[in-house]
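Colleague: Let me give you the structure first, and then I'll get to my questions.
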Amino acid sequence: MKFNLSSPTAVDEALHLLHKSSGSARLLAGGTDVMVGMRVGKIKPDFLINLNKIPDLAGIHPSSHFKGGLFIGALTKISDVEHSPELCGGYRILAQAAGTLASVQIRNLATLGGNICNAAPSADTATSLLVLDAVAEIAGQEGFSFVPLQDFFTGPGTTVLGSDKILIGFHLPPQPEKTAGTYIKHGARKAMDCCTLGVAAQISMADGRITKARIAIGAVAPTPLRVHEAEAVLEGKNGLTDILINKAAQIAEEAARPIDDVRGQAWYRKQMVGVDTQRALSMIAGMLEGEQV
Ligand SMILES: Cc1cc2nc3c(=O)[nH]c(=O)nc-3n(C[C@H](O)[C@H](O)[C@H](O)COP(=O)(O)OP(=O)(O)OC[C@H]3O[C@@H](n4cnc5c(N)ncnc54)[C@H](O)[C@@H]3O)c2cc1C
């Protein structure tokens, strides 16, 4: 396996190298997808552009896009996301999801940006970022742009980045005070395995009413998916009742469009989306009642 490696120290320089390579280069973050892909011959880049020497691409700090929100740099390690004290309250779901990815060793190498740019429908952090209304900051030849995560994925393994843009990080808007959420990773093993399906749900309440509902499902469609119809059933209602939970779960199940693959059969995945959405919302109802938020 022969390739050239370059380690630019600025985003502009990395963009220039990408532009010059006309699609034959691959960006390298933690390498846990890139290196495996190269090893098995799935990808054969002539040129690797290592992003790890660019300062400021890693870290979690206040967002410049959302007042009172958070920014997470693309090069932030999954283990740092998992253990960040900043990811508390309404942001906790992302830390929880990060903690389910692979193993400690992989989490210490893998980055949040890599997990999203790899664009696997099963990416563990994608559904949690979707329920947090994450907005991707992207650098390209023409400058910086902001794209809501729900418009970021274009298919399995593809994103709006194409071959000439770099993900800078994610901006997360502030979350309402009384917010609870959870991510359910459904898989054959507890660690070192991509999910058979994943469900992330997050509910905000004020004065007994559901002010915001977010439900996202993973590994059951060509891209991670928000289930807007299920959210609409919940928003504005008084209390997260069993009837509402079951209705939302049924809609989520209907929205799933899974395929048969080594991790599970389509009929099973679809059915379990309903079951896990029901489980997630029931857990959240318990958290909100017990004020564990
Ligand atoms: C044993 C094993 C177990 C795994 N288990 C899981 C699991 O349980 N759940 C899960 O979701 N994933 C899992 N993965 C996949 C992988 O670890 C994650 O997707 C990881 O987050 C990728 O991050 P990385 O930094 O290593 O990305 P890299 O491999 O460096 O890059 C991944 C892709 O993103 C692109 N990229 C990276 N950074 C940027 C950027 N800033 N801008 C534009 N493009 C960029 C790269 O060019 C490449 O196409 C597993 C992998 C292995 C090897």
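Residue numbering restarts at 1 in every chain; chains get A, B, ... in the order shown in the structure tokens, and ligands count up from 1 in that same order.
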Ligand 1: which residues are within 6 Å, counting only C-alpha atoms and all ligand atoms? Reply as a PyMOL selection string.

Modeller: chain A and resi 26-34+74+101-102+106+110-115+117-118+122-124+166-168+192-194

Colleague: Please provide the set of residues having any atom within 10 Å of A:Asp207, restricted to only C-alpha atoms, with same-chain residues fewer than 4 positions apart removed, written as a list of chain:residue names.

Modeller: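 Once the adjacent positions are removed, what remains is A:Lys178, A:Thr211, A:Asn238, A:Gly239.
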
Colleague: Which one is closest to A:Ile210: A:Ala256, A:Leu234, A:Met283, A:Leu15? Count only C-alpha atoms.

Modeller: A:Leu234

Colleague: Please, what distance in Å, to one decimal, runs between atom CA of A:Glu235 and atom CA of A:Ser64?

Modeller: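 Here the two named atoms are 28.4 Å from each other.
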
Colleague: So the first atom is atom CA of A:Asp80 and the second is atom CA of A:Thr100; what is the distance between them in Å, to one decimal place?

Modeller: 13.1 Å

Colleague: Could you pull out the strand (DSSP E) residues of stretch 119-282 of chain A from DSSP and send them as an NGL selection string?

Modeller: :A and (135-140 or 143-148 or 153-155 or 158-159 or 166-172 or 179-186 or 197-206 or 209-218 or 225-226)

Colleague: Quick one: write out the picked residues with N, CA and C atoms as a compact mmCIF listing (two decimals), in the first residue's frame?

Modeller:
# COMPACT_ATOMS: atom_id res chain seq x y z
N VAL A 135 -25.71 21.78 14.16
CA VAL A 135 -25.45 22.44 12.88
C VAL A 135 -23.95 22.28 12.57
N ALA A 136 -23.66 21.75 11.39
CA ALA A 136 -22.26 21.51 11.01
C ALA A 136 -21.64 22.79 10.45
N GLU A 137 -20.43 23.11 10.93
CA GLU A 137 -19.67 24.23 10.33
C GLU A 137 -18.69 23.60 9.34
N ILE A 138 -18.73 24.10 8.12
CA ILE A 138 -17.96 23.48 7.03
C ILE A 138 -17.05 24.52 6.39
N ALA A 139 -15.81 24.12 6.09
CA ALA A 139 -14.90 25.02 5.38
C ALA A 139 -14.70 24.52 3.96
N GLY A 140 -14.80 25.45 3.01
CA GLY A 140 -14.57 25.11 1.60
C GLY A 140 -13.81 26.25 0.93
N GLY A 143 -15.29 29.63 1.40
CA GLY A 143 -15.44 30.15 2.76
C GLY A 143 -16.16 29.16 3.67
N PHE A 144 -16.76 29.70 4.73
CA PHE A 144 -17.40 28.83 5.73
C PHE A 144 -18.91 28.78 5.50
N SER A 145 -19.51 27.62 5.78
CA SER A 145 -20.96 27.52 5.68
C SER A 145 -21.48 26.70 6.86
N PHE A 146 -22.79 26.82 7.09
CA PHE A 146 -23.43 26.14 8.22
C PHE A 146 -24.58 25.28 7.69
N VAL A 147 -24.54 24.00 8.00
CA VAL A 147 -25.57 23.09 7.47
C VAL A 147 -26.18 22.28 8.63
N PRO A 148 -27.52 22.35 8.80
CA PRO A 148 -28.14 21.52 9.85
C PRO A 148 -27.82 20.04 9.58
N PHE A 153 -26.27 14.47 5.58
CA PHE A 153 -26.07 13.15 4.98
C PHE A 153 -26.83 13.08 3.66
N THR A 154 -26.16 12.55 2.62
CA THR A 154 -26.83 12.46 1.32
C THR A 154 -27.08 10.99 0.91
N GLY A 155 -26.52 10.06 1.65
CA GLY A 155 -26.71 8.64 1.38
C GLY A 155 -25.73 7.85 2.23
N THR A 158 -22.02 8.99 2.15
CA THR A 158 -21.85 10.27 1.43
C THR A 158 -22.49 11.43 2.20
N THR A 159 -21.87 12.60 2.04
CA THR A 159 -22.35 13.80 2.74
C THR A 159 -22.25 15.00 1.80
N ILE A 166 -14.07 20.53 4.34
CA ILE A 166 -13.62 20.00 5.64
C ILE A 166 -14.66 20.36 6.71
N LEU A 167 -15.00 19.39 7.53
CA LEU A 167 -15.89 19.66 8.65
C LEU A 167 -15.06 20.30 9.77
N ILE A 168 -15.51 21.45 10.22
CA ILE A 168 -14.81 22.16 11.31
C ILE A 168 -15.33 21.70 12.67
N GLY A 169 -16.64 21.49 12.75
CA GLY A 169 -17.22 21.03 14.02
C GLY A 169 -18.72 21.22 14.04
N PHE A 170 -19.30 21.03 15.22
CA PHE A 170 -20.75 21.13 15.36
C PHE A 170 -21.12 22.20 16.38
N HIS A 171 -22.12 22.99 16.02
CA HIS A 171 -22.70 23.96 16.95
C HIS A 171 -24.01 23.36 17.47
N LEU A 172 -24.16 23.38 18.79
CA LEU A 172 -25.37 22.86 19.42
C LEU A 172 -26.12 24.00 20.09
N THR A 179 -35.15 19.11 30.42
CA THR A 179 -34.98 18.28 29.22
C THR A 179 -34.38 16.94 29.64
N ALA A 180 -34.92 15.87 29.08
CA ALA A 180 -34.33 14.55 29.32
C ALA A 180 -34.27 13.77 28.01
N GLY A 181 -33.23 12.97 27.87
CA GLY A 181 -33.08 12.20 26.65
C GLY A 181 -32.31 10.93 26.89
N THR A 182 -32.41 10.03 25.95
CA THR A 182 -31.61 8.80 26.05
C THR A 182 -31.37 8.20 24.67
N TYR A 183 -30.28 7.45 24.57
CA TYR A 183 -29.94 6.74 23.32
C TYR A 183 -29.96 5.26 23.61
N ILE A 184 -30.71 4.52 22.80
CA ILE A 184 -30.71 3.06 22.94
C ILE A 184 -29.99 2.46 21.73
N LYS A 185 -28.87 1.80 22.04
CA LYS A 185 -28.11 1.12 20.98
C LYS A 185 -28.52 -0.34 21.02
N HIS A 186 -29.09 -0.81 19.93
CA HIS A 186 -29.56 -2.19 19.89
C HIS A 186 -28.59 -3.00 19.03
N LEU A 197 -29.64 -1.37 15.24
CA LEU A 197 -30.44 -0.16 15.08
C LEU A 197 -30.19 0.71 16.30
N GLY A 198 -30.49 1.98 16.18
CA GLY A 198 -30.31 2.89 17.31
C GLY A 198 -31.46 3.88 17.35
N VAL A 199 -31.87 4.22 18.57
CA VAL A 199 -32.93 5.22 18.73
C VAL A 199 -32.47 6.26 19.74
N ALA A 200 -32.53 7.53 19.36
CA ALA A 200 -32.25 8.62 20.30
C ALA A 200 -33.53 9.44 20.44
N ALA A 201 -33.88 9.75 21.67
CA ALA A 201 -35.09 10.58 21.89
C ALA A 201 -34.78 11.61 22.97
N GLN A 202 -35.37 12.77 22.82
CA GLN A 202 -35.15 13.85 23.78
C GLN A 202 -36.44 14.67 23.90
N ILE A 203 -36.85 14.92 25.15
CA ILE A 203 -38.12 15.63 25.40
C ILE A 203 -37.84 16.80 26.35
N SER A 204 -38.42 17.96 26.02
CA SER A 204 -38.35 19.12 26.93
C SER A 204 -39.77 19.45 27.38
N MET A 205 -39.90 19.81 28.65
CA MET A 205 -41.23 20.14 29.18
C MET A 205 -41.20 21.45 29.94
N ALA A 206 -42.33 22.13 29.94
CA ALA A 206 -42.49 23.33 30.77
C ALA A 206 -43.95 23.38 31.20
N ARG A 209 -46.30 20.69 29.99
CA ARG A 209 -46.51 20.51 28.54
C ARG A 209 -45.21 20.15 27.84
N ILE A 210 -45.34 19.35 26.80
CA ILE A 210 -44.15 19.00 26.01
C ILE A 210 -43.87 20.16 25.06
N THR A 211 -42.77 20.84 25.29
CA THR A 211 -42.46 22.02 24.46
C THR A 211 -41.59 21.64 23.27
N LYS A 212 -40.84 20.54 23.40
CA LYS A 212 -39.98 20.13 22.29
C LYS A 212 -39.81 18.61 22.35
N ALA A 213 -39.97 17.96 21.20
CA ALA A 213 -39.75 16.51 21.14
C ALA A 213 -38.84 16.21 19.96
N ARG A 214 -37.87 15.36 20.19
CA ARG A 214 -36.96 14.97 19.11
C ARG A 214 -36.78 13.45 19.15
N ILE A 215 -36.94 12.83 17.99
CA ILE A 215 -36.72 11.38 17.88
C ILE A 215 -35.91 11.13 16.61
N ALA A 216 -34.83 10.39 16.74
CA ALA A 216 -34.02 10.06 15.56
C ALA A 216 -33.67 8.58 15.60
N ILE A 217 -33.63 7.97 14.40
CA ILE A 217 -33.36 6.53 14.33
C ILE A 217 -32.16 6.28 13.41
N GLY A 218 -31.38 5.26 13.77
CA GLY A 218 -30.16 4.97 13.01
C GLY A 218 -30.11 3.52 12.55
N LEU A 225 -31.95 9.26 10.60
CA LEU A 225 -33.20 9.93 10.22
C LEU A 225 -33.90 10.56 11.43
N ARG A 226 -34.38 11.78 11.28
CA ARG A 226 -35.27 12.32 12.30
C ARG A 226 -36.70 11.94 11.94

Colleague: Please provide as a VMD selection string all residues within 8 Å of A:Leu129, with the sequence filter that same-chain residues fewer than 4 positions apart are discarded (counting only C-alpha atoms).

Modeller: chain A and resid 94 125 133 to 134 149

Colleague: Next, dump the selected residues to file, keeping only N, CA and C atoms, as an mmCIF file, in the first residue's frame.

Modeller:
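again.cif, freshly written:
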data_model
loop_
_atom_site.group_PDB
_atom_site.id
_atom_site.type_symbol
_atom_site.label_atom_id
_atom_site.label_comp_id
_atom_site.auth_asym_id
_atom_site.auth_seq_id
_atom_site.Cartn_x
_atom_site.Cartn_y
_atom_site.Cartn_z
ATOM 1 N N LEU A 94 -25.520 13.049 24.155
ATOM 2 C CA LEU A 94 -24.391 12.870 23.230
ATOM 3 C C LEU A 94 -23.237 12.138 23.922
ATOM 4 N N THR A 125 -23.016 8.367 17.112
ATOM 5 C CA THR A 125 -23.240 9.734 17.606
ATOM 6 C C THR A 125 -24.239 10.515 16.732
ATOM 7 N N ASP A 133 -30.308 19.016 17.453
ATOM 8 C CA ASP A 133 -30.394 20.047 16.401
ATOM 9 C C ASP A 133 -29.009 20.598 16.041
ATOM 10 N N ALA A 134 -28.021 19.708 15.952
ATOM 11 C CA ALA A 134 -26.647 20.132 15.642
ATOM 12 C C ALA A 134 -26.555 20.764 14.254
ATOM 13 N N LEU A 149 -27.557 19.302 10.656
ATOM 14 C CA LEU A 149 -27.125 17.909 10.464
ATOM 15 C C LEU A 149 -28.149 17.099 9.675
#

Colleague: Can you tell me, as a ChimeraX atom specification, which residues in stretch 10-111 of chain A count as helix (DSSP H, G or I) by DSSP?

Modeller: /A:11-21,34-39,78-83,89-98,104-109

Colleague: Taking 3 positions as the minimum chain separation for residues in the same chain, which residues sit within 10 Å of A:Leu17 when counting only C-alpha atoms? Answer as a PyMOL selection string.

Modeller: chain A and resi 6+8+11-14+20-22+25+47-49+164

Colleague: Counting only C-alpha atoms, what is within 8 Å of A:Ala230, bar same-chain residues fewer than 2 positions away, as a PyMOL selection string?

Modeller: chain A and resi 215+227-228+232-234+247-249+251-252

Colleague: Using N, CA and C atoms, can you export the residues from the last selection as a short mmCIF file (atom, residue, chain, number, x, y, z; two decimals), in the first residue's frame?

Modeller:
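What landed in part_36.cif:
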data_model
loop_
_atom_site.label_atom_id
_atom_site.label_comp_id
_atom_site.auth_asym_id
_atom_site.auth_seq_id
_atom_site.Cartn_x
_atom_site.Cartn_y
_atom_site.Cartn_z
N ILE A 215 -36.94 12.83 17.99
CA ILE A 215 -36.72 11.38 17.88
C ILE A 215 -35.91 11.13 16.61
N VAL A 227 -37.51 11.61 12.96
CA VAL A 227 -38.89 11.20 12.68
C VAL A 227 -39.81 12.37 13.07
N HIS A 228 -39.94 13.30 12.16
CA HIS A 228 -40.69 14.53 12.44
C HIS A 228 -42.15 14.24 12.79
N ALA A 232 -44.15 15.47 16.12
CA ALA A 232 -45.33 16.35 16.05
C ALA A 232 -46.48 15.82 16.90
N VAL A 233 -46.55 14.48 17.02
CA VAL A 233 -47.60 13.87 17.84
C VAL A 233 -47.43 14.25 19.31
N LEU A 234 -46.19 14.47 19.72
CA LEU A 234 -45.90 14.74 21.13
C LEU A 234 -45.92 16.23 21.49
N LYS A 247 -48.18 5.85 20.33
CA LYS A 247 -48.46 6.42 19.01
C LYS A 247 -47.16 6.86 18.32
N ALA A 248 -46.30 7.55 19.10
CA ALA A 248 -45.02 8.01 18.54
C ALA A 248 -44.16 6.81 18.12
N ALA A 249 -44.17 5.77 18.95
CA ALA A 249 -43.36 4.57 18.66
C ALA A 249 -43.85 3.91 17.37
N ILE A 251 -45.34 5.37 14.86
CA ILE A 251 -44.96 6.21 13.71
C ILE A 251 -43.47 6.01 13.38
N ALA A 252 -42.64 5.92 14.43
CA ALA A 252 -41.20 5.71 14.21
C ALA A 252 -40.98 4.38 13.49
#
